[in-house]
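Engineer: I am sharing entry.cif, which consists of mmCIF, C-alpha atoms:
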```cif
data_target
loop_
_atom_site.group_PDB
_atom_site.id
_atom_site.type_symbol
_atom_site.label_atom_id
_atom_site.label_comp_id
_atom_site.auth_asym_id
_atom_site.auth_seq_id
_atom_site.Cartn_x
_atom_site.Cartn_y
_atom_site.Cartn_z
ATOM 1 C CA ARG G 12 118.679 107.209 104.789
ATOM 2 C CA ILE G 13 116.076 104.485 104.468
ATOM 3 C CA VAL G 14 116.498 104.166 100.695
ATOM 4 C CA ASP G 15 120.284 103.936 101.046
ATOM 5 C CA PHE G 16 119.820 101.176 103.607
ATOM 6 C CA LEU G 17 117.399 99.300 101.327
ATOM 7 C CA TYR G 18 119.961 99.295 98.520
ATOM 8 C CA GLN G 19 122.434 97.686 100.929
ATOM 9 C CA LYS G 20 119.915 95.213 102.345
ATOM 10 C CA PRO G 21 116.854 94.765 100.101
ATOM 11 C CA VAL G 22 115.174 92.247 102.440
ATOM 12 C CA THR G 23 114.661 93.637 105.921
ATOM 13 C CA SER G 24 112.324 93.942 108.883
ATOM 14 C CA SER G 25 110.894 96.844 110.829
ATOM 15 C CA GLN G 26 113.036 95.925 113.828
ATOM 16 C CA GLU G 27 116.197 95.962 111.745
ATOM 17 C CA LEU G 28 115.359 99.359 110.261
ATOM 18 C CA GLN G 29 114.690 100.709 113.738
ATOM 19 C CA SER G 30 118.014 99.574 115.131
ATOM 20 C CA ARG G 31 120.211 100.342 112.115
ATOM 21 C CA LEU G 32 118.749 103.798 111.453
ATOM 22 C CA SER G 33 117.955 104.786 115.054
ATOM 23 C CA LEU G 34 114.271 105.332 114.300
ATOM 24 C CA SER G 35 111.376 105.078 116.706
ATOM 25 C CA ARG G 36 108.938 102.243 116.140
ATOM 26 C CA ALA G 37 106.160 104.672 115.164
ATOM 27 C CA THR G 38 108.356 106.470 112.640
ATOM 28 C CA CYS G 39 109.582 103.220 111.156
ATOM 29 C CA ASP G 40 106.074 101.775 110.873
ATOM 30 C CA ARG G 41 104.814 104.961 109.226
ATOM 31 C CA LEU G 42 107.660 104.931 106.676
ATOM 32 C CA ILE G 43 107.156 101.253 105.896
ATOM 33 C CA THR G 44 103.406 101.738 105.452
ATOM 34 C CA GLN G 45 104.041 104.573 102.998
ATOM 35 C CA LEU G 46 106.650 102.582 101.071
ATOM 36 C CA VAL G 47 104.286 99.598 100.811
ATOM 37 C CA GLN G 48 101.464 101.855 99.569
ATOM 38 C CA ASP G 49 103.847 103.336 96.985
ATOM 39 C CA CYS G 50 104.788 99.781 95.849
ATOM 40 C CA ILE G 51 108.433 100.296 96.792
ATOM 41 C CA LEU G 52 108.392 97.654 99.530
ATOM 42 C CA LYS G 53 106.433 94.418 99.529
ATOM 43 C CA GLU G 54 105.557 92.453 102.677
ATOM 44 C CA ILE G 55 106.660 88.841 102.186
ATOM 45 C CA THR G 56 105.737 86.912 105.337
ATOM 46 C CA GLY G 57 101.946 87.220 105.390
ATOM 47 C CA ARG G 58 102.051 87.680 109.158
ATOM 48 C CA GLN G 59 100.875 90.495 111.401
ATOM 49 C CA ARG G 60 104.005 90.471 113.585
ATOM 50 C CA ASN G 61 107.692 90.054 112.776
ATOM 51 C CA ARG G 62 107.049 90.923 109.164
ATOM 52 C CA HIS G 63 109.795 91.132 106.573
ATOM 53 C CA PHE G 64 109.778 93.376 103.548
ATOM 54 C CA VAL G 65 111.557 93.285 100.217
ATOM 55 C CA PHE G 66 112.667 96.215 98.070
ATOM 56 C CA SER G 67 111.063 94.296 95.225
ATOM 57 C CA GLU G 68 112.113 95.988 91.979
ATOM 58 C CA TYR G 69 115.737 96.245 93.081
ATOM 59 C CA TYR G 70 115.732 92.664 94.361
ATOM 60 C CA GLN G 71 114.292 91.407 91.064
ATOM 61 C CA LEU G 72 117.372 92.691 89.221
ATOM 62 C CA PHE G 73 119.447 90.016 90.929
ATOM 63 C CA LEU G 74 117.060 87.205 90.066
ATOM 64 C CA LYS G 75 117.364 87.652 86.295
#
```
Spell out the structure here as structure tokens.
Structural biologist:
Amino acid sequence: RIVDFLYQKPVTSSQELQSRLSLSRATCDRLITQLVQDCILKEITGRQRNRHFVFSEYYQLFLK
């Protein structure tokens, strides 16, 4: 479900994932952490709170 959502909206936040996919905060944070470690998502705000993430390789396709 999360990958399907990321293809629809490649720039997103933890809060948006939680609400759109009906995930708990802990589950969402754990998934995001794993996706960042696997270099699938990249954090783009540089903040500790209200962070936004980009599905970077997919997003890059639209910038070329």
Engineer: Would you mind listing what lies within 10 Å of Leu28 in chain G as an MDAnalysis selection string, with all atoms listed in the file counted and same-chain residues fewer than 4 positions away left out?
Structural biologist: chainID G and resid 13 16:17 23:24 32:36 39:40 43
Engineer: Between CA of Ile51 in chain G and CA of Ala37 in chain G, what distance in Å does the model show, to one decimal?
Structural biologist: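 Result for CA of Ile51 in chain G versus CA of Ala37 in chain G: 19.0 Å, one decimal.
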Engineer: Which is closer to Glu54 in chain G than all the others in G:Leu42, G:Asp15, G:Leu74, G:Ser67, using all atoms listed in the file?
Structural biologist: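 Among the listed residues, G:Ser67 lies closest to Glu54 in chain G.
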Engineer: Which of these residues is nearest to Thr38 in chain G, using only C-alpha atoms: G:Ile55, G:Ser25, G:Cys50, G:Tyr69?
Structural biologist: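 For Thr38 in chain G, the nearest of the given residues is G:Ser25.
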Engineer: Using the chain letters and numbers from the file, which residues does the PyMOL selection byres ((chain G and resi 53) around 6) grab, as a compact mmCIF listing (two decimals) with C-alpha atoms, keeping the file's coordinate frame?
Structural biologist:
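Once everything was written out, this is out_19.txt:
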```
# COMPACT_ATOMS: atom_id res chain seq x y z
CA VAL G 47 104.29 99.60 100.81
CA LEU G 52 108.39 97.65 99.53
CA GLU G 54 105.56 92.45 102.68
CA PHE G 64 109.78 93.38 103.55
CA VAL G 65 111.56 93.28 100.22
```
Engineer: Expand the PyMOL selection byres ((chain G and resi 61) around 9) into the explicit residue set it covers here, and present it as a ChimeraX atom specification.
Structural biologist: /G:24-26,56,58-60,62-63
Engineer: Counting all atoms listed in the file, which residue out of G:Val22, G:Glu27, G:Arg41, G:Gln48 sits closest to Phe66 in chain G?
Structural biologist: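 When distances to Phe66 in chain G are compared using all atoms listed in the file, the smallest one comes from G:Val22.
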Engineer: Could the centre and edge lengths of an axis-aligned box, enclosing all atoms of range 56-67 of chain G in the file with 6 Å extra on each side, be given in Å to one decimal as JSON?
Structural biologist:
```
{"center_x": 106.8, "center_y": 91.6, "center_z": 104.4, "size_x": 23.8, "size_y": 21.3, "size_z": 30.4}
```
Engineer: Could you tell me which of G:Lys20, G:Arg31, G:Gln71, G:Val14 comes closest to Leu46 in chain G if we count all atoms listed in the file?
Structural biologist: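 Using all atoms listed in the file, the shortest distance to Leu46 in chain G belongs to G:Val14.
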